[in-house]
Amino acid sequence: MLIDVHAHFYTGRSSRADWRERNASRLSAGERVGITWHVASILGTWGRTSPTYFPSPADLTDANDALAALAREHPGRIRGYVAVNPNFTAHAEAEVRRGLAAGLVGIKLAASRRADDPLLDPIAALAREHEVPILHHIWQRRRGDVLGQEASDAVELGRLAARHPEVSFILAHIGGGGDWIHSLHAVHGLANVFVDLSGSGVDGGMLEACLAAVGAGRLLWGCDLTIDTGWAKLRYLAHILGPAELERVQWRNAAAIFPARAFPAD
Amino acid sequence: MRIDVNVLLGAYPFRRVPGTSPDAVLRAMDRVGVDLGWATHLPGLFWRDPGEGNAWLYETARREPRLRPVPAVHPGLPGWERMLAEAVAAGTPAVRCDPTFYGLDPAGPELRRLAGACGEAGKLLMLAVRLEDGRQRHPNDRAPELPAAALRALLRSHPGVRLLVTHADRSIVEEVHFGSTPAEAARIWWDICWIWGPPEDHLAMLLGTVGIERFVLGTGQPLRLPEASLAKLDLLDLDADQRALIERHNAGRAEGR
């Protein structure tokens with residue numbers, strides 16, 4: 001089994017005219033790589049009617065509905081995160097409950113509010129109540145404000161994770177650009193923070209550093225926007241890990257933090 | 001025969017990278033099925049005289065014929081013509097110049113002179129757009145990325161100059177290709193290491209719009225996992241002849257064979 005914990009899909013309401021091609025390409029490339037489950041999110045309309053990283057409640061509701069529909073359309077291939085904007089507390093809480101009831105299996109937080117802000121606490125409490133992980137978009141070492149985002153780095157996510165030790169947090173795309181060495185130092189001692197290997201970065205030495213920082217037990221395989229680099233990391237991991245450790249990264253770690261029966265045959 | 005035109009040897013100054021020795025790189029080449037590597041002396045990129053790494057590179061290539069040397073030429077240093085002549089005499093596949101790392105204007109007079117001399121000599125000139133993602137570079141690693149405008153200017157600087165550009169993304173490839181005449185664009189080749197595969201499918205699109213004959217296998221190893229460039233190819237629907245173009249024949253044409 002192979003679980004991609006960081007995937008995205010698009011909808012007809014997305015800002016992209018090629019949304020069908022991109023969705024189809026993810027699924028067909030996934031078949032070639034052997035991805036069993038794409039665990040995906042849709043960030044509103046990806047900028048069309050509200051900003052990608054500050055999506056409006058209405059856009060999020062539509063996107064979460066579309067994702068739930070995709071998961072129903074591909075019941076053996078797609079799982080989803082409920083994406084919410086913590087600035088709209090009542091909507092976010094209701095949307096998490098509604099999305100999880102509709103079959104989504106995790107919560108996605110992007111960059112609408114800093115990770116250590118108290119507004120994220122009720123969402124983390126819901127994650128604990130429903131025993132689902134939170135995938136949090138991360139800028140690997142934020143040296144200032146990031147254009148178009150209220151981005152967080154691993155230190156800020158770490159503060160949230162320390163306040164909610166029973167919730168599993170997924171630090172997004174360690175290979176997504178930025179100073180991944182800083183992030184690995186930040187999460188080294190946080191047992192409830194898992195590192196998602198996705199991103200276009202395939203730096204030599206990065207996977208070894210991830211293993212040294214958090215071990216194979218806290219690594220999750222993923223692709224985000226580039227399945228080619230995800231596959232490359234998987235191939236290299238097969239070279240440096242034994243079969244049992246490789247399986248943990250491929251799917252066992254993910255299966256352990258998502259709800260039971262999220263991935264049939266796990 | 002599979003050729004990786006973008007192999008780096010030696011330590012990187014801005015972070016620890018495992019496997020930078022020639023032996024380690026050869027093992028990595030074996031791991032991904034690369035037969036020949038066009039090799040650069042990586043530390044030299046950051047030296048005041050990058051050519052001081054060339055002797056080591058030539059000697060390493062003499063010991064290990066699977067590594068073909070790509071010596072550095074700094075056209076801002078007096079006597080650079082000797083280094084180009086040495087490369088021509090040695091039959092290297094290319095020479096390289098990384099102007100932004102050397103502190104040179106990438107479209108300035110020194111670069112134009114080097115491009116012209118390479119054109120006269122029939123020697124391929126290699127340049128890297130970048131080595132690392134700009135968001136992760138060391139605070140003291142401030143060399144600008146190579147701009148598309150400079151590549152267009154170099155292509156126009158001499159009718160015989162041929163360029164091999166590594167670490168370029170989709171936008172640079174498109175800006176240069178469609179910002180050049182067909183004759184100019186036929187004198188530039190791109191390695192695939194920084195071009196995205198699915199689901200964005202930049203590489204698949206560029207093979208169709210720019211043309212498969214313009215692309216060569218390059219990995220940027222060991223700074224980057226060489227598996228990435230091979231995975232990009234494995235995710236394309238290429239027949240054996242098309243794959244051979246990218247994996248070896250186009251590199252041979254770029255070299256002038």
# chains A, B, ... in the order shown; residues from 1 in each chain; ligands from 1
>>> residues_around(residues="stretch 187-195 of chain B", least_positions_apart="4", cutoff="9 Å", atoms="only C-alpha atoms", output="number ranges by chain")
A: 200; B: 4-6, 155, 159-170, 173, 177, 182-183, 201-203, 213-220, 224, 226, 228-229, 232, 246, 250-251, 254
>>> write_last_selection(atoms="C-alpha atoms", output="PDB file, in the first residue's frame")
ATOM      1  CA  SER A 200       9.363  19.610  -5.475  1.00  0.00           C
TER       2      SER A 200
ATOM      3  CA  ASP B   4      23.711  12.662 -17.259  1.00  0.00           C
ATOM      4  CA  VAL B   5      24.959  16.072 -18.395  1.00  0.00           C
ATOM      5  CA  ASN B   6      24.618  17.621 -14.949  1.00  0.00           C
ATOM      6  CA  LEU B 155      22.241  33.254 -28.161  1.00  0.00           C
ATOM      7  CA  PRO B 159      25.763  32.765 -34.735  1.00  0.00           C
ATOM      8  CA  GLY B 160      27.755  29.723 -33.723  1.00  0.00           C
ATOM      9  CA  VAL B 161      27.310  29.724 -29.965  1.00  0.00           C
ATOM     10  CA  ARG B 162      25.599  26.666 -28.504  1.00  0.00           C
ATOM     11  CA  LEU B 163      24.280  26.693 -24.921  1.00  0.00           C
ATOM     12  CA  LEU B 164      23.371  23.962 -22.470  1.00  0.00           C
ATOM     13  CA  VAL B 165      21.328  25.313 -19.562  1.00  0.00           C
ATOM     14  CA  THR B 166      20.767  23.328 -16.394  1.00  0.00           C
ATOM     15  CA  HIS B 167      18.281  23.790 -13.533  1.00  0.00           C
ATOM     16  CA  ALA B 168      15.834  25.821 -15.656  1.00  0.00           C
ATOM     17  CA  ASP B 169      12.121  25.717 -14.963  1.00  0.00           C
ATOM     18  CA  ARG B 170       9.264  25.923 -17.416  1.00  0.00           C
ATOM     19  CA  VAL B 173      12.567  27.617 -21.108  1.00  0.00           C
ATOM     20  CA  HIS B 177      12.542  29.545 -26.694  1.00  0.00           C
ATOM     21  CA  PRO B 182      13.910  29.229 -34.620  1.00  0.00           C
ATOM     22  CA  ALA B 183      17.560  29.340 -35.678  1.00  0.00           C
ATOM     23  CA  ASP B 201       2.961  18.161 -16.550  1.00  0.00           C
ATOM     24  CA  HIS B 202       5.331  20.971 -17.477  1.00  0.00           C
ATOM     25  CA  LEU B 203       7.846  18.578 -19.009  1.00  0.00           C
ATOM     26  CA  GLU B 213      15.141  17.576 -29.482  1.00  0.00           C
ATOM     27  CA  ARG B 214      15.888  20.447 -27.098  1.00  0.00           C
ATOM     28  CA  PHE B 215      15.964  18.412 -23.862  1.00  0.00           C
ATOM     29  CA  VAL B 216      18.668  16.311 -22.266  1.00  0.00           C
ATOM     30  CA  LEU B 217      18.907  14.156 -19.186  1.00  0.00           C
ATOM     31  CA  GLY B 218      20.503  16.038 -16.318  1.00  0.00           C
ATOM     32  CA  THR B 219      20.121  15.398 -12.626  1.00  0.00           C
ATOM     33  CA  GLY B 220      22.177  17.880 -10.636  1.00  0.00           C
ATOM     34  CA  ARG B 224      19.616  16.617  -5.997  1.00  0.00           C
ATOM     35  CA  PRO B 226      19.209  11.674  -9.463  1.00  0.00           C
ATOM     36  CA  ALA B 228      13.995  12.624  -9.805  1.00  0.00           C
ATOM     37  CA  SER B 229      15.022  13.120 -13.422  1.00  0.00           C
ATOM     38  CA  LYS B 232      10.120  12.333 -14.759  1.00  0.00           C
ATOM     39  CA  ILE B 246      16.701  12.731 -24.182  1.00  0.00           C
ATOM     40  CA  ASN B 250      20.468  15.168 -27.886  1.00  0.00           C
ATOM     41  CA  ALA B 251      23.511  15.485 -25.650  1.00  0.00           C
ATOM     42  CA  ALA B 254      24.620  19.610 -28.255  1.00  0.00           C
TER      43      ALA B 254
END
>>> closest_atom_pairs(of="chain A", to="chain B", cutoff="6 Å", atoms="only C-alpha atoms", output="tab-separated table")
residue	atom	partner	partner_atom	distance
A:Arg22	CA	B:Pro199	CA	5.3
A:Ser25	CA	B:Pro199	CA	4.9
A:Arg26	CA	B:Pro199	CA	4.8
A:Gly177	CA	B:Arg135	CA	5.5
A:Gly178	CA	B:Gln136	CA	3.9
A:Asp179	CA	B:Gln136	CA	4.6
A:Val202	CA	B:Arg224	CA	5.3
A:Asp203	CA	B:Arg224	CA	4.4
A:Gly204	CA	B:Arg224	CA	4.7
A:Gly205	CA	B:Val17	CA	5.3
A:Thr226	CA	B:Pro198	CA	5.9
A:Ile227	CA	B:Pro198	CA	5.7
A:Asp228	CA	B:Lys232	CA	5.3
A:Thr229	CA	B:Ala228	CA	5.4
A:Ala232	CA	B:Ala228	CA	4.6
>>> write_last_selection(atoms="C-alpha atoms", output="compact mmCIF listing (two decimals), in the first residue's frame")
# COMPACT_ATOMS: atom_id res chain seq x y z
CA ARG A 22 -4.75 18.14 -13.71
CA SER A 25 -3.05 13.51 -14.54
CA ARG A 26 -2.76 13.02 -10.79
CA GLY A 177 11.08 25.03 -0.55
CA GLY A 178 12.55 26.82 2.40
CA ASP A 179 14.99 25.94 5.11
CA VAL A 202 14.76 16.55 -3.87
CA ASP A 203 17.85 17.81 -2.10
CA GLY A 204 20.60 15.30 -1.59
CA GLY A 205 20.86 14.71 2.14
CA THR A 226 4.95 17.06 -8.14
CA ILE A 227 4.42 13.32 -8.27
CA ASP A 228 7.76 12.88 -10.02
CA THR A 229 9.69 14.13 -7.00
CA ALA A 232 12.08 9.90 -6.65
>>> atom_distance(atom1="atom CA of B:Pro13", atom2="atom CA of A:Glu208")
18.3 Å
>>> residues_around(residues="A:Phe194", least_positions_apart="5", cutoff="7 Å", atoms="only C-alpha atoms", output="PyMOL selection string")
chain A and resi 169-171+218-220
>>> residues_around(residues="stretch 94-107 of chain B", least_positions_apart="4", cutoff="6 Å", atoms="only C-alpha atoms", output="VMD selection string")
chain B and resid 70 to 73 111 123 to 127 143 to 144 150
>>> write_last_selection(atoms="N, CA and C atoms", output="mmCIF file, in the first residue's frame")
data_model
loop_
_atom_site.group_PDB
_atom_site.id
_atom_site.type_symbol
_atom_site.label_atom_id
_atom_site.label_comp_id
_atom_site.auth_asym_id
_atom_site.auth_seq_id
_atom_site.Cartn_x
_atom_site.Cartn_y
_atom_site.Cartn_z
ATOM 1 N N VAL B 70 33.800 18.891 -17.435
ATOM 2 C CA VAL B 70 33.281 20.156 -17.957
ATOM 3 C C VAL B 70 34.022 21.265 -17.206
ATOM 4 N N PRO B 71 35.149 21.715 -17.728
ATOM 5 C CA PRO B 71 35.960 22.685 -17.001
ATOM 6 C C PRO B 71 35.322 24.061 -16.988
ATOM 7 N N ALA B 72 35.682 24.813 -15.972
ATOM 8 C CA ALA B 72 35.141 26.164 -15.817
ATOM 9 C C ALA B 72 36.049 27.180 -16.501
ATOM 10 N N VAL B 73 35.404 28.187 -17.085
ATOM 11 C CA VAL B 73 36.148 29.294 -17.688
ATOM 12 C C VAL B 73 35.563 30.601 -17.149
ATOM 13 N N LEU B 111 30.921 37.873 -20.825
ATOM 14 C CA LEU B 111 30.169 36.674 -21.230
ATOM 15 C C LEU B 111 29.988 36.614 -22.739
ATOM 16 N N LYS B 123 32.641 24.910 -29.266
ATOM 17 C CA LYS B 123 32.540 24.292 -27.936
ATOM 18 C C LYS B 123 31.233 24.691 -27.258
ATOM 19 N N LEU B 124 30.521 23.712 -26.761
ATOM 20 C CA LEU B 124 29.260 23.938 -26.039
ATOM 21 C C LEU B 124 29.545 24.691 -24.742
ATOM 22 N N LEU B 125 28.719 25.694 -24.439
ATOM 23 C CA LEU B 125 28.855 26.477 -23.210
ATOM 24 C C LEU B 125 27.713 26.126 -22.256
ATOM 25 N N MET B 126 28.072 25.669 -21.065
ATOM 26 C CA MET B 126 27.074 25.246 -20.083
ATOM 27 C C MET B 126 26.913 26.302 -18.998
ATOM 28 N N LEU B 127 25.663 26.549 -18.599
ATOM 29 C CA LEU B 127 25.362 27.509 -17.535
ATOM 30 C C LEU B 127 24.238 26.950 -16.677
ATOM 31 N N ALA B 143 24.038 34.881 -4.891
ATOM 32 C CA ALA B 143 24.167 35.028 -6.341
ATOM 33 C C ALA B 143 22.776 34.996 -6.971
ATOM 34 N N PRO B 144 22.462 35.960 -7.816
ATOM 35 C CA PRO B 144 21.135 35.944 -8.460
ATOM 36 C C PRO B 144 20.983 34.738 -9.389
ATOM 37 N N ALA B 150 19.346 37.124 -20.275
ATOM 38 C CA ALA B 150 20.774 36.909 -20.532
ATOM 39 C C ALA B 150 20.971 35.770 -21.522
#
>>> select_by_dssp(residues="stretch 85-227 of chain A", states="strand (DSSP E)", output="ChimeraX atom specification")
/A:106-109,134-136,169-171,193-196,219-220
>>> residues_around(residues="B:Leu57", least_positions_apart="6", cutoff="9 Å", atoms="only C-alpha atoms", output="list of chain:residue names")
B:Leu9, B:Ala39, B:Thr40, B:His41, B:Arg68, B:Pro69, B:Val70, B:Pro71
>>> closest_residue(among="B:Pro65, B:Gly44, B:Gly33, B:Pro78", to="B:Tyr12", atoms="only C-alpha atoms")
B:Gly44
>>> residues_around(residues="stretch 180-190 of chain A", least_positions_apart="5", cutoff="6 Å", atoms="only C-alpha atoms", output="list in words")
Gln140, Ala154, Val155, Ile174, Ala213 and Val214 of chain A
>>> select_by_dssp(residues="stretch 33-83 of chain A", states="helix (DSSP H, G or I)", output="list of chain:residue names")
A:Val33, A:Pro57, A:Ala58, A:Asp59, A:Leu60, A:Thr61, A:Asp62, A:Ala63, A:Asn64, A:Asp65, A:Ala66, A:Leu67, A:Ala68, A:Ala69, A:Leu70, A:Ala71, A:Arg72, A:Glu73
>>> write_last_selection(atoms="C-alpha atoms", output="PDB file, in the first residue's frame")
ATOM      1  CA  VAL A  33       3.632   5.061  -9.262  1.00  0.00           C
ATOM      2  CA  PRO A  57     -16.368  30.154   4.063  1.00  0.00           C
ATOM      3  CA  ALA A  58     -18.635  29.776   1.037  1.00  0.00           C
ATOM      4  CA  ASP A  59     -15.755  28.703  -1.182  1.00  0.00           C
ATOM      5  CA  LEU A  60     -14.554  26.224   1.427  1.00  0.00           C
ATOM      6  CA  THR A  61     -17.981  24.683   1.777  1.00  0.00           C
ATOM      7  CA  ASP A  62     -18.194  24.204  -1.982  1.00  0.00           C
ATOM      8  CA  ALA A  63     -14.656  22.803  -2.135  1.00  0.00           C
ATOM      9  CA  ASN A  64     -15.223  20.369   0.708  1.00  0.00           C
ATOM     10  CA  ASP A  65     -18.434  19.211  -0.926  1.00  0.00           C
ATOM     11  CA  ALA A  66     -16.573  18.707  -4.207  1.00  0.00           C
ATOM     12  CA  LEU A  67     -13.874  16.726  -2.472  1.00  0.00           C
ATOM     13  CA  ALA A  68     -16.376  14.512  -0.710  1.00  0.00           C
ATOM     14  CA  ALA A  69     -18.007  13.920  -4.090  1.00  0.00           C
ATOM     15  CA  LEU A  70     -14.644  13.001  -5.627  1.00  0.00           C
ATOM     16  CA  ALA A  71     -14.030  10.553  -2.810  1.00  0.00           C
ATOM     17  CA  ARG A  72     -17.405   8.973  -3.488  1.00  0.00           C
ATOM     18  CA  GLU A  73     -16.630   8.868  -7.205  1.00  0.00           C
TER      19      GLU A  73
END
>>> atom_distance(atom1="atom CA of A:Gly103", atom2="atom CA of A:Thr89")
21.3 Å
>>> atom_distance(atom1="atom CA of B:Leu245", atom2="atom CA of B:Asp23")
27.5 Å
>>> closest_residue(among="B:Glu175, B:Glu86, B:Glu120, B:Glu145", to="B:Ser157", atoms="only C-alpha atoms")
B:Glu120
>>> residues_around(residues="A:Asp117", least_positions_apart="5", cutoff="12 Å", atoms="only C-alpha atoms", output="PyMOL selection string")
chain A and resi 86-87+111-112+122-124+150-152+156-161+163
>>> closest_residue(among="A:Ala115, A:Ala83, A:Ala92, A:Leu234", to="A:Trp251", atoms="only C-alpha atoms")
A:Leu234
>>> closest_residue(among="B:Met29, B:Val88, B:Pro22, B:Gly122", to="B:Arg63", atoms="only C-alpha atoms")
B:Pro22
